[in-house]
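To start, the structure itself, in C-alpha cells.
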Amino acid sequence: MAETMTSTTSTPVKSMALAKAINESLRTALDTDPKVLIMGEDVGKLGGVFRVTDGLQKDFGESRVIDTPLAESGIVGTAIGLALRGYRPVVEIQFDGFVFPAYDQIVTQLAKMHARSLGKVKMPVVVRIPYGGGIGAVEHHSESPEALFAHVAGLKVVSPSNPSDAYWMMQQAIQSDDPVIFFEPKRRYWDKGEVNTEAIPGPLHKAQVVREGTDLTLAAYGPMVKLCKEVADVAAEEGRSLEILDLRSVSPLDFDSIQTSVEKTGRLVVVHEAPVFFGSGAEIAARITERCFYHLEAPVLRVGGYHAPYPPARLEEEYLPGLDRVLDAVDRALAY
Amino acid sequence: MAETMTSTTSTPVKSMALAKAINESLRTALDTDPKVLIMGEDVGKLGGVFRVTDGLQKDFGESRVIDTPLAESGIVGTAIGLALRGYRPVVEIQFDGFVFPAYDQIVTQLAKMHARSLGKVKMPVVVRIPYGGGIGAVEHHSESPEALFAHVAGLKVVSPSNPSDAYWMMQQAIQSDDPVIFFEPKRRYWDKGEVNTEAIPGPLHKAQVVREGTDLTLAAYGPMVKLCKEVADVAAEEGRSLEILDLRSVSPLDFDSIQTSVEKTGRLVVVHEAPVFFGSGAEIAARITERCFYHLEAPVLRVGGYHAPYPPARLEEEYLPGLDRVLDAVDRALAY
Amino acid sequence: MTVESTAARTPRRSAGTTGAKSTAGKRSTAKKSPSGEPELVQLLTPEGKRVKSAEYDRFVAAITPDELRGLYRDMVLTRRFDAEATSLQRQGELGLWASLLGQEAAQIGSGRALRDDDYVFPTYREHGVAWCRGVDPSNLLGMFRGVNNGGWDPNSNNFHLYTIVIGSQTLHATGYAMGVAKDGADSAVIAYFGDGASSQGDVAESFTFSAVYNAPVVFFCQNNQWAISEPTEKQTRVPLYQRAQGYGFPGVRVDGNDVLACLAVTKWALERARGGEGPTLVEAYTYRMGAHTTSDDPTRYRHDDERAAWEAKDPILRLRRFLEASNHADEGFFAELEAESEALGRRVREAVRAMPDPDHFALFEHAYADGHALVDEERAQFAAYQASFAEAEGDN
Amino acid sequence: MTVESTAARTPRRSAGTTGAKSTAGKRSTAKKSPSGEPELVQLLTPEGKRVKSAEYDRFVAAITPDELRGLYRDMVLTRRFDAEATSLQRQGELGLWASLLGQEAAQIGSGRALRDDDYVFPTYREHGVAWCRGVDPSNLLGMFRGVNNGGWDPNSNNFHLYTIVIGSQTLHATGYAMGVAKDGADSAVIAYFGDGASSQGDVAESFTFSAVYNAPVVFFCQNNQWAISEPTEKQTRVPLYQRAQGYGFPGVRVDGNDVLACLAVTKWALERARGGEGPTLVEAYTYRMGAHTTSDDPTRYRHDDERAAWEAKDPILRLRRFLEASNHADEGFFAELEAESEALGRRVREAVRAMPDPDHFALFEHAYADGHALVDEERAQFAAYQASFAEAEGDN
Ligand SMILES: Cc1ncc(C[n+]2csc(CCOP(=O)(O)OP(=O)(O)O)c2C)c(N)n1
Ligand SMILES: Cc1ncc(C[n+]2csc(CCOP(=O)(O)OP(=O)(O)O)c2C)c(N)n1
Ligand SMILES: [Mg+2]
Ligand SMILES: [Mg+2]
C-alpha cells in the first residue's frame with residue numbers, strides 16, 4: 001500500500017497531527033481505490049475549514065474531490081446515489097451543528113437502504129463530522145450529536161481519540177460496506193501522535209484499554225480520552241488506580257470490553273461532551289448495570305454536557321467535562 | 001370554557017376515542033385563543049389522515065386551519081416565524097417517519113430560539129406526531145423516534161396514553177411557552193375513554209400511578225401503558241403485584257415519581273416501542289440506578305424495539321413489545 | 001375496478017384538444033416552453049387523433065404498429081395489475097395499495113423511452129414503469145402486503161426500490177447520474193416524483209446539484225393534480241415545469257394522458273442527458289383517477305365531476321381509438337389482450353396468496369452488511385426467548 | 001482596515017456602466033428581468049454618475065441631499081464598525097468576526113428602504129442592516145465574543161437574531177410574513193441570505209410557502225460571489241434572481257454596490273409585499289471584499305486581481321463621487337463624519353472590552369421558558385459542586 005502512496009513516505013511510522021492523519025488516510029484511500037470520492041463544502045481548494053482535505057483536490061482532481069453546493073441533504077442524498085452506482089463517497093459535514101439538514105437522508109435513506117433492499121444494495125458511505133467543543137467557536141460549531149445517530153439502526157458511529165486511530169479507523173470506515181458516521185474530535189485535530197501506516201489495525205468497533213487500573217474504570221471516546229488520562233494521572237497521585245477504556249465506537253458499543261473492565265474494578269464513570277440526558281452514558285450505564293449487577297460497587301456515573309443548548313464560548317469550560325468534574329465523579333463513585 | 005365551545009356539549013364528561021379527544025382539545029384551543037393555528041399536510045378538508053383535525057377547517061376557516069405544501073421543514077420553519085409573530089401554531093407531522101425533513105428546524109431553531117434570545121422570544125409551538133406501530137402500515141409509518149427529541153435541550157416531549165390525558169395534555173402543550181413534541185399513540189387513536197372537559201388537570205410533566213403494586217414497577221408511556229395493564233392483569237393471576245407508572249412525559253422525565261415507586265417495589269421494567277439502544281429506558285435505568293442504588297433488587301430491565309429498522313408489517317408483532325416479552329422481563333427481574 | 005369496467009367507460013365530454021386544464025387562474029400568460037412548443041405537448045388528442053409537433057415528432061417517427069400495440073398492451077396490463085392489487089387489498093391480502101389508475105400513459109410512455117442501461121428512481125406509485133423495466137408485478141406487492149420493505153434487486157432491472165419519504169429519491173437519482181457521468185457512460189437516469197413532492201427541499205436540492213454538475217438525469221414529475229387531499233395550488237402558483245428554468249435547465253409540460261407524447265418528450269430529455277446537456281424537467285400533466293391509496297377517501301375533498309372530466313381523457317381509450325382508426329389493431333388483438341389481462345390478474349393473485357410471511361429471524365437480517373455486535377446479541381437473546389416457549393410447550 | 005485607508009483607495013479601472021461581471025460564461029442570452037429592466041439594475045455607476053431607470057427612479061425621486069448624505073454616513077460608519085470588529089478579533093477580544101466589507105451598499109440600501117414596522121431576518125453578516133434598524137453595534141458583538149448567542153431583543157427593533165444555520169431564517173421570515181398577512185397589517189418582512197444559501201432546501205421551501213400563501217416577504221440575496229471558498233458557479237449555473245420565476249414571483253438583479261439602486265429596488269419589492277402582490281426575490285450582485293470570516297484564508301482559493309477589480313466598484317467611493325459632483329456634501333461633512341467614525345470605533349472598542357463574561361449559572365437559564373425539572377436538578381447539582389470548591393478553599 002505504501003508504494004502507491006502519493007505522499008513521500010520513507011518509514012511507515014510518522015508523527016503527525018490527528019487532522020493530518022485523517023488527511024493521509026483519505027489520501028491512501030483515494031490512491032488505492034478509484035471508487036473513493038471526497039465530497040463536501042469547501043473540501044477542494046480550501047482543503048476544508050480544518051484543512052483535513054488539504055491538497056487532495058490538487059492531487060486527485062475535481063472529479064474525485066468535489067466541492068458541493070451548500071446543501072447537506074443534497075450532499076448525503078447524492079452520496080447515496082453515488083454509492084448505488086458503486087462509488088464509496090466520504091462526505092464532510094463542515095461542523096457538527098450542520099448535519100441536521102442531512103438528518104433525514106441519513107436516518108431514512110442511508111441507514112435503511114441495505115435493509116430495505118433485503119441486503120441487495122450496500123451503502124459504503126462515510127459521513128465525516130468534526131465535532132465537540134473546546135475551541136471557543138460560535139453557536140452550532142461545538143456540539144456532540146453522536147447519540148442521535150447511535151439510536152438509529154443501520155448506522156455505525158465511531159470516534160477516534162488519537163492520530164493512529166484516526167488514520168486506521170478512517171481506513172476501516174471507508175472499507176466498510178455499511179454507512180459510518182465518523183466523528184472527528186475537532187479540538188484534538190492539532191494533537192500529534194505516531195502513526196504506523198503499515199500496522200495491522202484491530203477491529204474498528206473494539207474498545208481499547210489505554211491505561212490499566214484496578215479501582216475504577218473511566219470510559220470515554222474521542223476528545224474525552226485525553227482528559228481521562230489527565231484525570232487518571234491526578235488520581236494516581238492520590239493513590240487511586242484508574243483504568244481507562246477508549247471506546248472508539250459508539251455504535252456498536254463494545255460492552256464486552258467494558259464488562260471485563262468493570263468486573264475487575266467494580267466502578268464505572270462514563271465521560272462524554274454530549275448532554276448526559278439520553279446520551280451514550282445512559283446506554284452504557286443501563287447495559288453494564290444489567291451485565292455487572294453483582295460486580296458494581298457503585299452506580300455507573302456519567303459526566304457530560306448539561307441539558308441546555310451548547311453555551312456561548314465563554315461558558316463552555318463550565319459546560320464541558322473537565323478535570324475537576326470528572327475527578328468529582330470519581331470521588332463520588334469511590335465513596336460508595 | 002364549555003360555553004364557547006362550538007361542539008354541543010351538555011355534560012363535561014363524555015366518552016370519546018383518543019383521536020376525538022385531541023380533536024376536541026384542538027377545537028377548544030382554536031375557540032379560546034385566536035392565536036392558535038393548525039398547520040400540516042391534509043389537515044383541512046380531509047381532517048388529517050387520522051381525522052384528528054376533522055371538521056376544524058370547516059368551522060374555523062382556512063386561515064386558522066392551514067393545509068400546507070408538502071414540506072416538513074417548511075411547516076416547522078414557518079410555524080417558528082408565526083410564533084415569532086405571536087401565533088401559537090400546532091403543526092401536524094403526518095407520520096413519525098416524516099418528521100426528519102423538519103429535524104433541522106426543530107433541533108437548531110425551534111429548540112434553541114428561546115435560549116439564543118436570552119429569553120426574549122418564546123416558542124409556543126406544538127409538533128403533533130402520530131407515532132408507533134401495531135397498525136400494519138408500510139415503512140416509515142410505525143416508528144417511535146422520541147429519544148431523538150428528548151436528547152435535545154429546549155424541547156419538551158410528551159405522549160398521552162388515554163383520551164383524557166390526550167385532551168388535557170394537548171391543552172397544556174398549547175398553553176406552554178416552550179415547544180412541545182406531542183407524540184400521539186396512533187394505535188390507540190380509536191380507544192375510547194372518559195374525558196372531563198372541565199376537570200382541573202395535574203401538571204403536564206408528572207407521571208401517574210395508574211395501578212398500585214408492591215413487587216415490581218412497570219414504567220411506560222403512550223401506547224405501551226395499555227399493554228402494561230394487560231401484563232399486570234396476567235401477573236396478578238400469578239400472584240404478582242405490579243405497579244404501573246404512566247410516565248406521560250419523556251422530557252422532562254418524572255424521575256421523582258419513578259424513584260418513589262422503585263423505593264417501594266425494588267424492581268423496575270421500562271417498556272417502550274422505540275429501540276432499546278439509546279432509548280428512554282437507558283436514561284431511566286441510568287438515573288434510577290443512581291438514585292435507588294441500594295433499593296434495587298434487580299437491574300432495571302428494558303423491553304423495546306430491536307436495533308433494526310422498523311420491520312415490515314408481518315414482522316411487527318415480533319418486533320414490538322408484547323405481553324409475553326414484557327412478562328418475560330418481569331420474570332427475569334423478579335428472579336434476581 | 002377491472003379492465004372490463006374501464007374499457008366500457010365512455011367519455012362524457014371531450015375537453016378540447018389541449019386536454020388538460022391549467023392550474024386554475026394561475027396560468028401564466030400564453031407561456032411557451034423553452035423548446036418553443038405550446039405549454040402542453042400533445043401528440044394524441046383525447047379523441048385519438050394524431051397531432052403534429054415540430055419538436056417532438058422525430059422521437060416517435062419510426063414507431064411501428066407493433067410498438068404502438070405494445071404501448072397499448074403495457075397500459076392495459078398495468079391497469080389490470082393495478083386493479084387486481086386494489087381488490088387484493090380489499091380482500092385483506094395487502095395492507096395498502098397505491099393505485100396508478102389514470103397515470104398509465106405517463107408511466108408507460110416514459111418507461112418505454114428508457115434504454116436497459118438507464119436507471120430509474122421511482123416513488124411508490126410507478127407500477128407501470130416497473131412493468132416496463134421487467135420487474136415482476138408480484139414483486140411490487142411485497143411491501144404492500146407487509147412482508148418486506150422492497151422486494152427486488154434494484155440492479156437486476158436498473159429499477160430502484162420504491163421510496164416513501166417524499167422527494168428523497170430525486171437526490172439519489174442525481175448522485176447516481178453524477179456517477180454515470182464520472183464513469184463516462186452514456187446512460188441516463190430518470191427520477192419520478194409527484195406534484196406534492198415538488199415542494200420538498202430535497203427536490204430543489206436535486207435541481208441544484210444536477211444543474212451544477214450537469215448530471216444526466218431526467219426529472220419526471222407526474223402532476224396528477226393531487227397530493228392526497230391537497231390540490232396542486234397548495235404547492236405552486238405557476239405550472240410546475242417552469243420550476244426548472246430558474247435552476248438553469250429546461251422544463252416542459254406534456255399531456256400525461258398521451259402515451260405517445262410522454263414517450264417522445266422523455267426520449268428528448270434522455271437524449272439531452274446522454275448528449276451531455278444535463279438535466280431536464282418533464283411535467284406530465286395527468287390525473288389521479290382513484291384514491292391516494294386504499295386508505296384514502298377522496299369524497300371528503302374532491303368532486304366527482306372532476307374525475308368525470310378526466311375520464312374523457314383516459315390514456316388507454318385514446319390510444320385504442322387511434323389504433324382502431326388507423327387499423328393498427330383488430331378485434332383479435334383486443335380479445336387476446338383481454339385474455340392475457342385476466343391471466344395476469346390470476347397469476348398475481350396466486351403469487352400474492354402464496355407469498356409466505358417472513359421468518360421471525362428476518363428481524364435481525366440486513367440491518368448491516370458487515371454485522372453489528374448488538375444485533376448479534378439481540379438475535380441470540382431472541383433465539384433464547386423463542387426457545388423458552390418451545391421448552392415451555394415441551395414441558396406441558 | 002480603517003475608514004481612511006478605504007477612502008484613500010482609488011479605483012484601478014472602471015468596469016464600465018454595468019459594473020458587475022456576470023456569472024462567468026453562464027449568462028443567459030440577453031436576459032431581461034420580469035420588470036423589463038436590463039439584467040442589472042443600476043442607478044449610480046462606479047464613477048458616481050446617476051443613470052436613469054424608468055422602472056425604479058420613482059422610488060428615489062424624492063430623496064433629499066440630506067438623505068443621500070445619510071446613506072453615505074450609514075455606509076461609512078458601518079464600514080468603520082466592521083473594521084473595528086476585525087481588529088478587535090485580531091486583538092483577541094472577539095473569537096470571530098464576519099466582515100461585511102464591500103457589501104455596505106446592499107445592506108444600507110435595503111435597510112433604509114424598510115419601515116419601522118417591517119421585520120428583518122438576517123444571516124450573521126447583516127451588520128449594516130442592524131445599523132439601519134438601530135441595533136446598537138456593540139450588541140452584535142456579543143455572539144462573536146462568545147458571551148451569548150444573540151444579544152438583543154428581536155422585537156425592540158424588529159430585527160431578528162443572527163442565524164447561523166444557512167438558510168433557516170428564510171422560512172422564519174416567510175412564517176412571520178404569513179402572520180403579518182393574517183393580522184391584516186401592511187408591514188413587510190425581509191429575509192437576507194447569501195449566494196451559497198440559495199442551494200439549501202429551506203430557501204426553496206420558503207419560496208414555495210411564500211408564493212402559495214402570497215406572503216409579504218422580500219427575499220434579499222446578497223450574491224457576494226463566494227460561499228467561503230466556493231464561487232457562485234458551485235451553486236447555480238444561471239443568475240440567481242431567475243430562481244424566483246419558477247416559483248411564480250419576480251426576481252430582479254440589482255447592482256449590490258449601488259446604494260441608490262438597492263434602496264429603490266428594495267422599496268419596489270416592499271411595495272409589492274404591502275400591496276398584496278406577495279414575495280419578490282432581489283439579488284444584490286456584490287462582492288465579499290474580505291475573508292469569509294477572520295478564520296478564513298482566501299489566498300487559498302481566489303486571486304487578488306478579482307478583489308482589485310471590485311475595488312473599482314466600491315460602494316462608498318461611488319456615492320462619495322456622486323455627492324461631491326452634485327455638491328451635496330462638502331469637506332466639512334466628510335471631516336465631521338470621519339470624527340464620528342473614530343468616535344464610533346472607540347465606543348465599540350470600549351463597550352466590547354467592558355463586556356462581562358456571563359455568570360456560570362447562565363448555563364441553566366433560558367433553555368426553557370416554563371422550566372424543566374432536569375434543568376432544575378442539574379442547576380442544583382452544579383451549585384453544590386461549585387460550593388464544594390468554596391468549602392474546600394474554606395478548609396485550607
Ligand atoms: C416526507 C413525507 N411527508 C409526508 C408523506 C406522506 N405522504 C405520502 S404520499 C403524500 C402525497 C404525495 O403527493 P404527490 O407527490 O403529488 O404524489 P402522488 O401521491 O400524487 O403520486 C404524502 C403527503 C411522506 N410519504 N413523506
Ligand atoms: C447548514 C450550514 N451548513 C454549513 C455552514 C457553514 N458555513 C457558514 S457560512 C457558509 C457559506 C455561506 O455562503 P453564503 O450563503 O454565500 O453567505 P456569505 O457567507 O457569503 O455571506 C458556510 C458553508 C452553516 N453555517 N450552515
Ligand atoms: Mg400528486
Ligand atoms: Mg456568499
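Ordering of the C-alpha cells sets the chain letters (A, B, ...), residue numbers begin anew at 1 in every chain, and ligands are numbered from 1 in the order given.
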
Env. residues ligand 2 / 9 Å / only C-alpha atoms and all ligand atoms / as a ChimeraX atom specification: /A:41-42,69-72,93-95,97-102,140-141 /B:104 /D:98-100,123-126,163-168,193-200,221-232,287-288,292-293

Based on DSSP run over this structure's backbone, return all residues of stretch 125-167 of chain B in helix (DSSP H, G or I), as a compact mmCIF listing (two decimals) with N, CA, C and O atoms, in the first residue's frame.
# COMPACT_ATOMS: atom_id res chain seq x y z
N ALA B 147 -36.75 9.44 21.50
CA ALA B 147 -35.43 9.66 22.11
C ALA B 147 -34.64 10.72 21.34
O ALA B 147 -33.84 11.44 21.92
N LEU B 148 -34.89 10.79 20.05
CA LEU B 148 -34.15 11.75 19.22
C LEU B 148 -34.55 13.19 19.53
O LEU B 148 -33.86 14.13 19.13
N PHE B 149 -35.65 13.35 20.21
CA PHE B 149 -36.09 14.69 20.61
C PHE B 149 -35.77 14.96 22.08
O PHE B 149 -35.45 16.07 22.46
N ALA B 150 -35.87 13.90 22.88
CA ALA B 150 -35.62 14.07 24.31
C ALA B 150 -34.17 14.47 24.57
O ALA B 150 -33.88 15.21 25.50
N PRO B 163 -57.61 8.92 26.36
CA PRO B 163 -58.31 10.10 25.84
C PRO B 163 -58.29 11.29 26.78
O PRO B 163 -58.09 12.43 26.34
N SER B 164 -58.44 11.07 28.06
CA SER B 164 -58.48 12.19 28.99
C SER B 164 -57.14 12.93 28.98
O SER B 164 -57.08 14.16 28.87
N ASP B 165 -56.05 12.18 29.08
CA ASP B 165 -54.75 12.80 29.01
C ASP B 165 -54.54 13.46 27.65
O ASP B 165 -53.93 14.53 27.56
N ALA B 166 -55.00 12.80 26.61
CA ALA B 166 -54.82 13.36 25.27
C ALA B 166 -55.47 14.74 25.21
O ALA B 166 -54.87 15.71 24.71
N TYR B 167 -56.67 14.84 25.76
CA TYR B 167 -57.35 16.13 25.76
C TYR B 167 -56.58 17.16 26.58
O TYR B 167 -56.25 18.25 26.11

Interface, chain A side, toward chain B (7 Å; only C-alpha atoms) as a PyMOL selection string: chain A and resi 100-101+103-104+112+147-148+150-151+153-154+277-280+282-283+285-286+289-290+293+299+307-309

Sel. of strand (DSSP E or B) residues, stretch 158-236 of chain B, as a PyMOL selection string: chain B and resi 158+180-185+192-196+208-211+216-220

Neighbours of chain B in chain C at 7 Å, counting only C-alpha atoms, as JSON, numbers by chain: {"C": [95, 143, 144, 146, 147, 148, 149, 165, 196, 197, 199, 200, 229, 230, 234, 235, 300, 301, 357, 360, 363, 364, 367, 375, 378]}

Restrict the selected residues to N, CA, C and O atoms and save them as a CSV table (one decimal), in the first residue's frame.
chain,number,residue,atom,x,y,z
C,95,GLY,N,-52.0,-4.9,2.7
C,95,GLY,CA,-52.3,-3.9,3.8
C,95,GLY,C,-52.7,-2.6,3.2
C,95,GLY,O,-53.5,-1.8,3.8
C,143,MET,N,-44.1,-5.2,-0.4
C,143,MET,CA,-44.1,-4.1,0.6
C,143,MET,C,-45.5,-3.7,1.0
C,143,MET,O,-45.8,-3.4,2.1
C,144,PHE,N,-46.4,-3.9,0.0
C,144,PHE,CA,-47.8,-3.5,0.3
C,144,PHE,C,-48.5,-4.6,1.1
C,144,PHE,O,-49.5,-4.4,1.8
C,146,GLY,N,-46.7,-6.3,3.3
C,146,GLY,CA,-46.1,-6.2,4.6
C,146,GLY,C,-45.1,-7.3,4.8
C,146,GLY,O,-44.8,-7.6,6.0
C,147,VAL,N,-44.6,-7.9,3.8
C,147,VAL,CA,-43.6,-9.0,4.0
C,147,VAL,C,-42.2,-8.5,3.8
C,147,VAL,O,-41.2,-9.1,4.3
C,148,ASN,N,-42.1,-7.3,3.2
C,148,ASN,CA,-40.7,-6.7,3.1
C,148,ASN,C,-40.9,-5.2,2.9
C,148,ASN,O,-42.0,-4.7,2.7
C,149,ASN,N,-39.8,-4.5,2.8
C,149,ASN,CA,-39.9,-3.0,2.5
C,149,ASN,C,-39.3,-2.7,1.1
C,149,ASN,O,-39.0,-1.6,0.8
C,165,VAL,N,-40.4,8.2,1.5
C,165,VAL,CA,-40.2,9.6,2.1
C,165,VAL,C,-40.1,10.5,0.9
C,165,VAL,O,-39.2,10.5,0.0
C,196,GLY,N,-47.0,17.0,-5.4
C,196,GLY,CA,-46.7,17.4,-4.0
C,196,GLY,C,-45.2,17.4,-3.6
C,196,GLY,O,-44.7,18.3,-3.0
C,197,ALA,N,-44.5,16.4,-4.1
C,197,ALA,CA,-43.1,16.3,-3.9
C,197,ALA,C,-42.3,17.5,-4.3
C,197,ALA,O,-41.3,17.9,-3.8
C,199,SER,N,-42.6,20.4,-3.6
C,199,SER,CA,-42.4,21.3,-2.6
C,199,SER,C,-41.2,21.0,-1.6
C,199,SER,O,-40.8,21.8,-0.9
C,200,GLN,N,-40.8,19.7,-1.7
C,200,GLN,CA,-39.8,19.3,-0.7
C,200,GLN,C,-38.4,19.9,-1.1
C,200,GLN,O,-38.0,19.9,-2.2
C,229,SER,N,-55.0,15.0,-0.2
C,229,SER,CA,-56.2,15.8,-0.4
C,229,SER,C,-55.9,17.2,-0.9
C,229,SER,O,-56.8,18.0,-1.0
C,230,GLU,N,-54.6,17.5,-1.1
C,230,GLU,CA,-54.3,18.9,-1.5
C,230,GLU,C,-54.1,19.0,-3.0
C,230,GLU,O,-53.3,18.3,-3.6
C,234,LYS,N,-51.9,24.2,-3.8
C,234,LYS,CA,-51.3,24.3,-2.5
C,234,LYS,C,-49.7,24.1,-2.5
C,234,LYS,O,-49.1,24.2,-1.5
C,235,GLN,N,-49.2,23.7,-3.7
C,235,GLN,CA,-47.8,23.5,-3.9
C,235,GLN,C,-47.1,24.6,-4.7
C,235,GLN,O,-45.9,24.8,-4.6
C,300,ARG,N,-64.1,13.2,0.6
C,300,ARG,CA,-64.0,14.2,1.5
C,300,ARG,C,-63.5,15.5,1.0
C,300,ARG,O,-63.6,16.6,1.6
C,301,TYR,N,-62.8,15.4,-0.1
C,301,TYR,CA,-62.1,16.7,-0.6
C,301,TYR,C,-62.2,17.0,-2.1
C,301,TYR,O,-61.7,18.0,-2.5
C,357,ASP,N,-45.1,-15.4,4.9
C,357,ASP,CA,-44.6,-14.4,5.8
C,357,ASP,C,-43.1,-14.6,6.1
C,357,ASP,O,-42.7,-15.8,6.0
C,360,HIS,N,-39.3,-15.1,11.5
C,360,HIS,CA,-39.1,-14.1,12.5
C,360,HIS,C,-37.6,-13.6,12.6
C,360,HIS,O,-37.4,-12.5,13.0
C,363,LEU,N,-36.0,-10.3,11.3
C,363,LEU,CA,-35.9,-9.1,12.1
C,363,LEU,C,-34.4,-8.7,12.2
C,363,LEU,O,-34.1,-7.5,12.3
C,364,PHE,N,-33.5,-9.7,12.3
C,364,PHE,CA,-32.1,-9.4,12.6
C,364,PHE,C,-31.3,-9.5,11.4
C,364,PHE,O,-30.0,-9.5,11.5
C,367,ALA,N,-29.9,-5.4,8.7
C,367,ALA,CA,-29.7,-4.0,9.2
C,367,ALA,C,-28.3,-3.6,8.8
C,367,ALA,O,-28.1,-2.4,8.5
C,375,VAL,N,-26.7,-6.3,17.3
C,375,VAL,CA,-27.7,-7.1,16.5
C,375,VAL,C,-27.4,-8.6,16.8
C,375,VAL,O,-28.4,-9.4,17.1
C,378,GLU,N,-28.8,-9.3,20.3
C,378,GLU,CA,-30.3,-9.3,20.3
C,378,GLU,C,-30.8,-10.5,19.6
C,378,GLU,O,-31.8,-11.1,20.0

Check: which chain C residues lie within 7 Å of chain D using only C-alpha atoms, as a list in words: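 Filtering chain C at 7 Å from chain D with only C-alpha atoms gives Ser199, Gln200, Gly201, Asp202, Ala204, Glu205, Thr208, Ala211, Val212, Lys234, Gln235, Thr236, Arg237, Val238, Gln242, Arg243, Ala244, Gln245, Gly246, Tyr247 and Gly248 of chain C.
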
With N, CA, C and O atoms retained, export the selected residues as a short mmCIF file (atom, residue, chain, number, x, y, z; two decimals), in the first residue's frame.
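part-v2.cif, freshly written:
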data_model
loop_
_atom_site.label_atom_id
_atom_site.label_comp_id
_atom_site.auth_asym_id
_atom_site.auth_seq_id
_atom_site.Cartn_x
_atom_site.Cartn_y
_atom_site.Cartn_z
N SER C 199 -42.59 20.37 -3.64
CA SER C 199 -42.36 21.35 -2.56
C SER C 199 -41.22 20.98 -1.63
O SER C 199 -40.77 21.81 -0.85
N GLN C 200 -40.79 19.74 -1.67
CA GLN C 200 -39.75 19.30 -0.73
C GLN C 200 -38.40 19.91 -1.08
O GLN C 200 -37.99 19.92 -2.24
N GLY C 201 -37.70 20.34 -0.05
CA GLY C 201 -36.36 20.87 -0.22
C GLY C 201 -35.44 19.92 -0.97
O GLY C 201 -34.60 20.36 -1.77
N ASP C 202 -35.59 18.64 -0.75
CA ASP C 202 -34.72 17.68 -1.43
C ASP C 202 -34.85 17.77 -2.95
O ASP C 202 -33.86 17.59 -3.66
N ALA C 204 -35.65 20.42 -4.69
CA ALA C 204 -34.95 21.64 -5.10
C ALA C 204 -33.44 21.41 -5.08
O ALA C 204 -32.73 21.83 -6.01
N GLU C 205 -32.96 20.73 -4.06
CA GLU C 205 -31.52 20.48 -3.99
C GLU C 205 -31.07 19.57 -5.13
O GLU C 205 -29.96 19.72 -5.66
N THR C 208 -30.53 21.75 -8.04
CA THR C 208 -29.27 22.49 -7.92
C THR C 208 -28.07 21.59 -8.23
O THR C 208 -27.20 21.94 -9.03
N ALA C 211 -27.89 20.51 -11.90
CA ALA C 211 -27.53 21.60 -12.79
C ALA C 211 -26.04 21.93 -12.66
O ALA C 211 -25.32 22.06 -13.66
N VAL C 212 -25.57 22.03 -11.42
CA VAL C 212 -24.18 22.40 -11.19
C VAL C 212 -23.23 21.34 -11.76
O VAL C 212 -22.20 21.66 -12.35
N LYS C 234 -51.88 24.17 -3.79
CA LYS C 234 -51.26 24.25 -2.46
C LYS C 234 -49.75 24.06 -2.55
O LYS C 234 -49.05 24.17 -1.53
N GLN C 235 -49.24 23.74 -3.73
CA GLN C 235 -47.80 23.53 -3.86
C GLN C 235 -47.14 24.60 -4.72
O GLN C 235 -45.94 24.84 -4.60
N THR C 236 -47.89 25.20 -5.59
CA THR C 236 -47.27 26.15 -6.52
C THR C 236 -48.34 27.05 -7.11
O THR C 236 -49.50 26.67 -7.20
N ARG C 237 -47.92 28.27 -7.50
CA ARG C 237 -48.91 29.11 -8.18
C ARG C 237 -48.61 29.27 -9.65
O ARG C 237 -49.29 30.01 -10.35
N VAL C 238 -47.60 28.62 -10.13
CA VAL C 238 -47.36 28.56 -11.58
C VAL C 238 -47.15 27.10 -11.98
O VAL C 238 -46.83 26.26 -11.13
N GLN C 242 -42.20 25.03 -15.08
CA GLN C 242 -41.45 26.29 -15.11
C GLN C 242 -40.39 26.36 -14.01
O GLN C 242 -39.47 27.18 -14.08
N ARG C 243 -40.52 25.52 -13.02
CA ARG C 243 -39.55 25.49 -11.92
C ARG C 243 -38.11 25.33 -12.42
O ARG C 243 -37.17 25.90 -11.86
N ALA C 244 -37.97 24.53 -13.48
CA ALA C 244 -36.63 24.17 -13.95
C ALA C 244 -35.81 25.36 -14.42
O ALA C 244 -34.61 25.46 -14.17
N GLN C 245 -36.49 26.27 -15.08
CA GLN C 245 -35.79 27.39 -15.71
C GLN C 245 -34.92 28.17 -14.73
O GLN C 245 -33.80 28.56 -15.05
N GLY C 246 -35.45 28.38 -13.54
CA GLY C 246 -34.71 29.14 -12.54
C GLY C 246 -33.50 28.40 -12.02
O GLY C 246 -32.68 28.97 -11.29
N TYR C 247 -33.41 27.13 -12.35
CA TYR C 247 -32.22 26.35 -11.99
C TYR C 247 -31.30 26.17 -13.19
O TYR C 247 -30.27 25.51 -13.09
N GLY C 248 -31.72 26.72 -14.32
CA GLY C 248 -30.84 26.69 -15.48
C GLY C 248 -30.96 25.48 -16.37
O GLY C 248 -30.02 25.13 -17.07
#

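Atom CA of A:Asp233 sits 22.7 Å away from atom CA of D:Gln386.
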
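Put simply, atom CA of C:Arg145 is 24.8 Å away from atom CA of C:Gly111.
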
Surrounding residues of D:Gly278 excluding itself and chain neighbours under 5 positions, 7 Å, only C-alpha atoms, as a ChimeraX atom specification: /D:211,214-217,272-273

Interatomic distance, atom CA of D:Ser87 to atom CA of D:Leu337 (Å, one decimal):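 Going from atom CA of D:Ser87 over to atom CA of D:Leu337 covers 20.3 Å.
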
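Residue nearest D:Lys182 within the list B:Pro34, B:Pro124, B:Gly202, B:Gly322: B:Pro34 [criterion: smallest interatomic distance, only C-alpha atoms].
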
Surrounding residues of B:Phe182 excluding itself and chain neighbours under 5 positions, 7 Å, only C-alpha atoms, as a PyMOL selection string: chain B and resi 126-129+157-159

Exercise: A:Leu245 partners within 7 Å, only C-alpha atoms, chain neighbours under 4 positions left out, as a PyMOL selection string: chain A and resi 207-210+218-220
